[in-house]
Amino acid sequence: TEMDEARLVEFEQAAVQLMSPPYVVSVEGRKKAEMVFLELRKTQLPYEICKSILEHSQFDYVLFQAASTIKEGVIREWHVLSSLEKQHLRDFILNYLTTRENLASYVAEQLLHVVAVMVKRSTLETDKHQLFDSIFTVVTQLLAASSIKMRHLGCSLLSSLLTEYASSSGSSGMGLPLDFHIQCKRVIEEEEVLRILQFAVQVLHQYSSAIWPALSGEDIHLLLGFVRLTSQVLHWDFRQSTFRTPALNSSEVAIVPLRPPSSYAPTFLDTGFLGVFFKLLLQARRSEEHTHYIIQCLTQLASLTRPVFASDQEQQVYVATFVSGVLGYVQAVSDLNQQELFGLSCILRRLVTTHPARHFSPLPGVQLELLLRSLTHLTCLCAQAPLNTRLSEEGQATHQESLEHFLEVWVSLLEGDGIYPTQLLTQALVSVFQAYIQSKLSAPRGWAGNPLCDDEEEEEGEIVGDNDDDQSVFADQLSSIGQVARVVAGTSVPLLIALLEQCTAEWLDLFVAVRRDSGAICSQRRRLGNLHEDVHWLALIAGYTLCDIVEGEDVLIPTQLMRHSILHQGEVKLDFDVSELLWQRGSVDCLPFSELKLDPIVALVLGVCRLCVLEKLYVSSGLQDLLSPQVCRTTSWCLSRIAQPYLMLSEESYEQISLPLLAAFGTCSGTSSWLTVFMTEMVVFNLTVWSSEEQLAMTTVQLLKSLVKSPRRVAVAIHCEALWTLARDFSLGYGPVSSSPPSVQRELMNGLVMCGIGERKEEFLTKLLQPLQKRFMELVQRPDLRTHCHDREVQQNLLAILEAMCGLAQSARPDAVREFYEYLLPVLRLSISVMELYSGMSEVVSVILELFSLVAENYTAFLDEVQTTQLYEVCLTLIQTYAKSSAVSRFTRIVLSEEEQCDDLLLFMKLLLHLTTKDYLNFSEQGSNSIQPIDVVLAGLSIILPLMKENLLQFPLLCVQFYTLVGYICEVYPEKIVVLSEDMLGVCIHAVEIGLNCYGPDVCRLSMDCVKSLAAHYTKQKPPPGHLTPTIQHFLKVVLDLLLSSTFDMDLLPPTAAALYALICAQKEYYGSLVGTLASNHCNQHYCTRLVEALGNLLPPSLALDLSRNSTLQFRENLEKFLPVVKGFLCYR
């Protein structure tokens, strides 16, 4: 019945109460107002009341509540309503919307959602064509209306339909099986989504020829709606919907591949289709919002591939049309802004990465030429961003991202060898390389500047800005420009050499000027700062040009550089004195390498080395303050990259080798030996001068590691006196290196130990390790240590030695592991008393735990029986000491943060896990040990379990490590788990159960493995342990519920299937009762029949319920077929 006037007044007064500020309405009054609308929502068949509200109320909020009530009622009472009632309600809403032009937009949107829900709900119940023909008839009428608001309403209706059918987070929950949502989505993909796209493109086509300034504000708003609608269609996920990911509960994917069915081909391949978007982009370029969505559309269209294309020829035509559109736009716009540049970079990157190079080959020569020229122009525009001083920091970052995208496009183009005109491609790459160089260098060499250098508060000559992370932030850019540089090595390498020589000469001029007049630096601050910036970037670019390091692959001289050197080997000088070229004879003259006729690759390497010589020159003259630690770090990083492929190069790794490179860097080359010694001395120099600069010192240690990766280089470096001096000072705690940061101490020890191979191995290691061990023993055996243990000097000395020992523990090598262990064992034993003494000092305890963990990780597999027993004994002692003193005092102290607890427990678990290495990896020649690793692990576990609170499991690393440890014990020693004390067993079982649901897929996988192992052990025991029966039954129900939930991640199916199968084998009768209850509880007889049939196929009579591998795999295959059948009607949304 229609609602009376008094009820309407009640709703409107409640709306006023809810919309009023808090100081006007009491809390009680607001609650009463909320109850008014809650009661409305609960009303059975509220449609007539809501219709009356919509027709008579003038309050937008009341209208919105009426629309929401209709939506909830339709979802709740769909089966109660007759087909005629549904039709009348839908017609009423559509008629209401078309006759209320002044309706608030959010009310109209909610009503449109109601229509979309009703249409979707009717999809599988009525004739699809009749249903959508009626809707599209309404849309056609709306789009043909003279009122722009009505046309916008038509656009919004189409958008609401797409949102509901997409089965994304934006669609409404209907309490229906997932199968229903997926079927609805599939039903409309072939025709209806295409019709929506055609509606949208038809409107866009009309506006594409309009004059933008002549459009009204309403027209512009309508155009935006249809552009967004088009973007919605183009981002539609046409991939086959499966249950592998819970798509219905996740957000829209930002980038969805455009893979429509072949029925879309006439639309997408229409000759004018792409032109509409490029025309609109040109028309609407002054509107950021319109431009954003049009670029999104074009980026998606750039990724269009089969099955729309029936042949390669069609795809080639599409690519040619797309390229023509991009080129036409670039030619038409002379003042591209940063949004357009970024958009074009995304579009072109998607185009060249989606479509193989062969689809670009049919482009006419003129078009290929224009493409290369336009791409060069766009790349250079992005590189010129530093010239625009008005750009904000965010704007500069956008330009840098665009530049990165364009460089990726160039790299992709290089893969299409022979497609593009060689001469033109070379010219383009040269222009790009030169522009990139100029974008990083300051005037007069480039466009970048350093305006902050005039600030009196800035440190003299220091690089200003966030340069510390340039190597990582710009890694992709530098990698791409390095590939470009190698392709045009004939231009790029000489340019880099010339620029390095200019900077070197300028740096040397400053040195001479300051030596002559110390006050000269005051007038040279800007020049020095810009010079440091230039050297920094040139060294970075040179490093990426000279080699390309791919993790897991041998580092070799790039093929392009080798070919370039071979090509010019007849023009260069093979014999030269490298020490003379690098000013080692007292001369400060800087001769250009071009005058010396050196190989260009060799000259570039020596150019970087010259920078290092200048650094030494400044320091030796007392001008260290004029150096930038960042520049020194970058040059050391560059030497580290150079050392790996060039110094003592391996001839057998190359099919062809350049004579100049072989003469300069070969194994028998004097130049290569000299450079190896030179770089070794640079390591010592940097660690002496810059020991307090952690990042520089760490980079220097990486240089040392790069040098000693090759036995050939070690054989040369070990004869360097400076290296022996460094090792002596480090082990004795002398000099600046002894005060370097802890992380440096550890890595340096690791690097020095790597030097201990070859003919002088024993001598070097003895001089390195014996003094270090002696220092530690003298320190911890001091009679007054307990009195002075908190003195700063004592703590720093102790931490330095422990960090060095950690470095030694990391350096285990099969040929020296037992010798190293003999040095480490006394340290381990004494460290336990140190940990007891410093139980309240987190830093010391953590390092000791880490030392034990590293020894267990790297040494256990190589130790003989006696040594292994010693290690187990000392670890047991550590555990007992930690239990008595550290655990109690540290975990009851308020000052100990969760992070510190997490760090300790993480190290503890790593130690326990590494001790198990001997179970499956044993390289020693003797048999088993009297003490088993599981005894040590269980002793440790008894300490960990009471401390492992749920708040600590929120730390991902700790959580994974804990479940890895528990999983290992369950798998290898299940008999130990089942005989644990009742309290410990309960804690373990609870931990495994919460791991199934609470901590992500990795932990869930580990927990499933635990369940499988426990169930398998239970099944194998005759009779099975009765106290585990309730646990096995509980896990069976938990795993089954998880598997059948709508949020289950199908990537976890293998471990889940294995766990479920083991549980079924353990409790066949209980499983039967569970699935029987599941089937009987289903009210739909059709679905119940399907479920019973599917359960029969899951465990057919032919499947033997044993734990064999074949049976487990067969069950998994059955389960993969079972889930799609039943989850469609067991899971709801």
# chains A, B, ... in the order shown; residues from 1 in each chain; ligands from 1
$ residues_around --residues "Val937 of chain A" --least-positions-apart "5" --cutoff "12 Å" --atoms "only C-alpha atoms" --output "VMD selection string"
chain A and resid 872 to 873 875 to 876 879 908 to 917 931 to 932 942 to 945 965 to 966 968 to 969 973 976 to 977
$ write_last_selection --atoms "N, CA, C and O atoms" --output "mmCIF file, in the first residue's frame"
data_model
loop_
_atom_site.group_PDB
_atom_site.id
_atom_site.type_symbol
_atom_site.label_atom_id
_atom_site.label_comp_id
_atom_site.auth_asym_id
_atom_site.auth_seq_id
_atom_site.Cartn_x
_atom_site.Cartn_y
_atom_site.Cartn_z
ATOM 1 N N TYR A 872 77.197 -29.530 18.178
ATOM 2 C CA TYR A 872 75.917 -29.787 18.824
ATOM 3 C C TYR A 872 75.985 -29.488 20.319
ATOM 4 O O TYR A 872 75.054 -28.915 20.903
ATOM 5 N N GLU A 873 77.100 -29.880 20.946
ATOM 6 C CA GLU A 873 77.249 -29.654 22.386
ATOM 7 C C GLU A 873 77.265 -28.164 22.715
ATOM 8 O O GLU A 873 76.607 -27.701 23.649
ATOM 9 N N CYS A 875 76.040 -25.765 20.940
ATOM 10 C CA CYS A 875 74.717 -25.184 20.663
ATOM 11 C C CYS A 875 73.730 -25.522 21.772
ATOM 12 O O CYS A 875 72.900 -24.676 22.149
ATOM 13 N N LEU A 876 73.801 -26.738 22.306
ATOM 14 C CA LEU A 876 72.956 -27.090 23.446
ATOM 15 C C LEU A 876 73.250 -26.205 24.647
ATOM 16 O O LEU A 876 72.340 -25.742 25.349
ATOM 17 N N ILE A 879 71.689 -22.864 24.073
ATOM 18 C CA ILE A 879 70.240 -22.905 24.299
ATOM 19 C C ILE A 879 69.935 -22.870 25.786
ATOM 20 O O ILE A 879 69.055 -22.123 26.251
ATOM 21 N N PHE A 908 67.406 -17.483 16.367
ATOM 22 C CA PHE A 908 67.356 -18.744 17.096
ATOM 23 C C PHE A 908 66.803 -19.861 16.216
ATOM 24 O O PHE A 908 67.332 -20.977 16.169
ATOM 25 N N MET A 909 65.717 -19.566 15.503
ATOM 26 C CA MET A 909 65.114 -20.592 14.653
ATOM 27 C C MET A 909 65.998 -20.928 13.467
ATOM 28 O O MET A 909 66.048 -22.077 13.019
ATOM 29 N N LYS A 910 66.677 -19.943 12.921
ATOM 30 C CA LYS A 910 67.622 -20.224 11.839
ATOM 31 C C LYS A 910 68.712 -21.181 12.330
ATOM 32 O O LYS A 910 69.105 -22.113 11.618
ATOM 33 N N LEU A 911 69.195 -20.940 13.538
ATOM 34 C CA LEU A 911 70.215 -21.813 14.109
ATOM 35 C C LEU A 911 69.698 -23.250 14.201
ATOM 36 O O LEU A 911 70.362 -24.196 13.761
ATOM 37 N N LEU A 912 68.508 -23.421 14.768
ATOM 38 C CA LEU A 912 67.961 -24.759 14.937
ATOM 39 C C LEU A 912 67.746 -25.448 13.591
ATOM 40 O O LEU A 912 68.025 -26.640 13.427
ATOM 41 N N LEU A 913 67.254 -24.680 12.626
ATOM 42 C CA LEU A 913 66.987 -25.263 11.312
ATOM 43 C C LEU A 913 68.289 -25.661 10.609
ATOM 44 O O LEU A 913 68.368 -26.714 9.964
ATOM 45 N N HIS A 914 69.308 -24.818 10.738
ATOM 46 C CA HIS A 914 70.585 -25.124 10.077
ATOM 47 C C HIS A 914 71.273 -26.331 10.714
ATOM 48 O O HIS A 914 72.029 -27.043 10.031
ATOM 49 N N LEU A 915 71.015 -26.570 11.998
ATOM 50 C CA LEU A 915 71.626 -27.737 12.639
ATOM 51 C C LEU A 915 71.117 -29.041 12.045
ATOM 52 O O LEU A 915 71.765 -30.086 12.175
ATOM 53 N N THR A 916 69.963 -28.994 11.406
ATOM 54 C CA THR A 916 69.405 -30.215 10.815
ATOM 55 C C THR A 916 70.036 -30.560 9.475
ATOM 56 O O THR A 916 69.678 -31.576 8.876
ATOM 57 N N THR A 917 70.932 -29.724 8.986
ATOM 58 C CA THR A 917 71.544 -29.949 7.667
ATOM 59 C C THR A 917 72.132 -31.348 7.552
ATOM 60 O O THR A 917 72.063 -31.995 6.505
ATOM 61 N N ILE A 931 75.165 -37.487 19.445
ATOM 62 C CA ILE A 931 74.108 -36.515 19.683
ATOM 63 C C ILE A 931 73.408 -36.245 18.355
ATOM 64 O O ILE A 931 74.037 -35.899 17.370
ATOM 65 N N GLN A 932 72.101 -36.431 18.331
ATOM 66 C CA GLN A 932 71.336 -36.225 17.108
ATOM 67 C C GLN A 932 70.863 -34.776 17.019
ATOM 68 O O GLN A 932 70.533 -34.147 18.039
ATOM 69 N N SER A 942 61.506 -26.136 22.773
ATOM 70 C CA SER A 942 60.871 -25.999 24.086
ATOM 71 C C SER A 942 61.013 -24.590 24.640
ATOM 72 O O SER A 942 60.212 -24.150 25.458
ATOM 73 N N ILE A 943 62.054 -23.874 24.181
ATOM 74 C CA ILE A 943 62.227 -22.477 24.595
ATOM 75 C C ILE A 943 61.412 -21.550 23.707
ATOM 76 O O ILE A 943 60.783 -20.592 24.173
ATOM 77 N N ILE A 944 61.377 -21.855 22.419
ATOM 78 C CA ILE A 944 60.722 -20.963 21.459
ATOM 79 C C ILE A 944 59.206 -20.936 21.632
ATOM 80 O O ILE A 944 58.583 -19.885 21.616
ATOM 81 N N LEU A 945 58.602 -22.107 21.822
ATOM 82 C CA LEU A 945 57.137 -22.178 21.833
ATOM 83 C C LEU A 945 56.490 -21.260 22.869
ATOM 84 O O LEU A 945 55.530 -20.552 22.555
ATOM 85 N N LEU A 965 60.437 -24.452 10.497
ATOM 86 C CA LEU A 965 61.028 -25.311 11.528
ATOM 87 C C LEU A 965 60.039 -26.372 12.001
ATOM 88 O O LEU A 965 60.366 -27.570 12.060
ATOM 89 N N VAL A 966 58.810 -25.940 12.321
ATOM 90 C CA VAL A 966 57.798 -26.896 12.779
ATOM 91 C C VAL A 966 57.493 -27.911 11.681
ATOM 92 O O VAL A 966 57.344 -29.111 11.935
ATOM 93 N N TYR A 968 59.488 -28.953 9.323
ATOM 94 C CA TYR A 968 60.599 -29.895 9.184
ATOM 95 C C TYR A 968 60.501 -30.993 10.245
ATOM 96 O O TYR A 968 60.671 -32.184 9.944
ATOM 97 N N ILE A 969 60.232 -30.613 11.476
ATOM 98 C CA ILE A 969 60.141 -31.601 12.555
ATOM 99 C C ILE A 969 58.991 -32.570 12.289
ATOM 100 O O ILE A 969 59.123 -33.781 12.462
ATOM 101 N N TYR A 973 60.605 -35.999 11.747
ATOM 102 C CA TYR A 973 60.524 -36.646 13.059
ATOM 103 C C TYR A 973 59.108 -36.559 13.632
ATOM 104 O O TYR A 973 58.906 -36.035 14.728
ATOM 105 N N LYS A 976 58.580 -37.736 17.165
ATOM 106 C CA LYS A 976 59.004 -36.862 18.264
ATOM 107 C C LYS A 976 57.900 -35.876 18.634
ATOM 108 O O LYS A 976 57.756 -35.493 19.789
ATOM 109 N N ILE A 977 57.143 -35.448 17.628
ATOM 110 C CA ILE A 977 56.071 -34.482 17.876
ATOM 111 C C ILE A 977 54.963 -35.107 18.722
ATOM 112 O O ILE A 977 54.472 -34.501 19.683
#
$ closest_residue --among "A:Arg813, A:Gly1000, A:Ser1102, A:Thr1077" --to "Asp1051 of chain A" --atoms "only C-alpha atoms"
A:Gly1000
$ closest_residue --among "A:Glu408, A:Asp1009, A:Glu415, A:Glu34" --to "Glu10 of chain A" --atoms "only C-alpha atoms"
A:Glu34
$ residues_around --residues "Pro592 of chain A" --least-positions-apart "3" --cutoff "12 Å" --atoms "only C-alpha atoms" --output "JSON, numbers by chain"
{"A": [494, 497, 498, 499, 500, 501, 502, 503, 504, 505, 581, 582, 589, 595, 596, 597, 598, 600, 603, 604, 606, 607, 610]}
$ atom_distance --atom1 "atom CA of Leu905 of chain A" --atom2 "atom CA of Ala1059 of chain A"
28.2 Å
$ residues_around --residues "segment 642-659 of chain A" --least-positions-apart "2" --cutoff "6 Å" --atoms "only C-alpha atoms" --output "PyMOL selection string"
chain A and resi 555-557+565-566+639-640+661-663+665-667+672+706
$ select_by_dssp --residues "segment 518-716 of chain A" --states "helix (DSSP H, G or I)" --output "ChimeraX atom specification"
/A:518-546,559-567,569-571,578-581,593-596,600-620,624-626,629-646,651-653,659-665,670-689,694-708,711-716
$ closest_residue --among "A:Gln477, A:Gln773, A:Asn102, A:Ser579" --to "Thr545 of chain A" --atoms "only C-alpha atoms"
A:Gln477
$ residues_around --residues "segment 119-131 of chain A" --least-positions-apart "6" --cutoff "8 Å" --atoms "only C-alpha atoms" --output "JSON, numbers by chain"
{"A": [161, 164, 165, 184]}
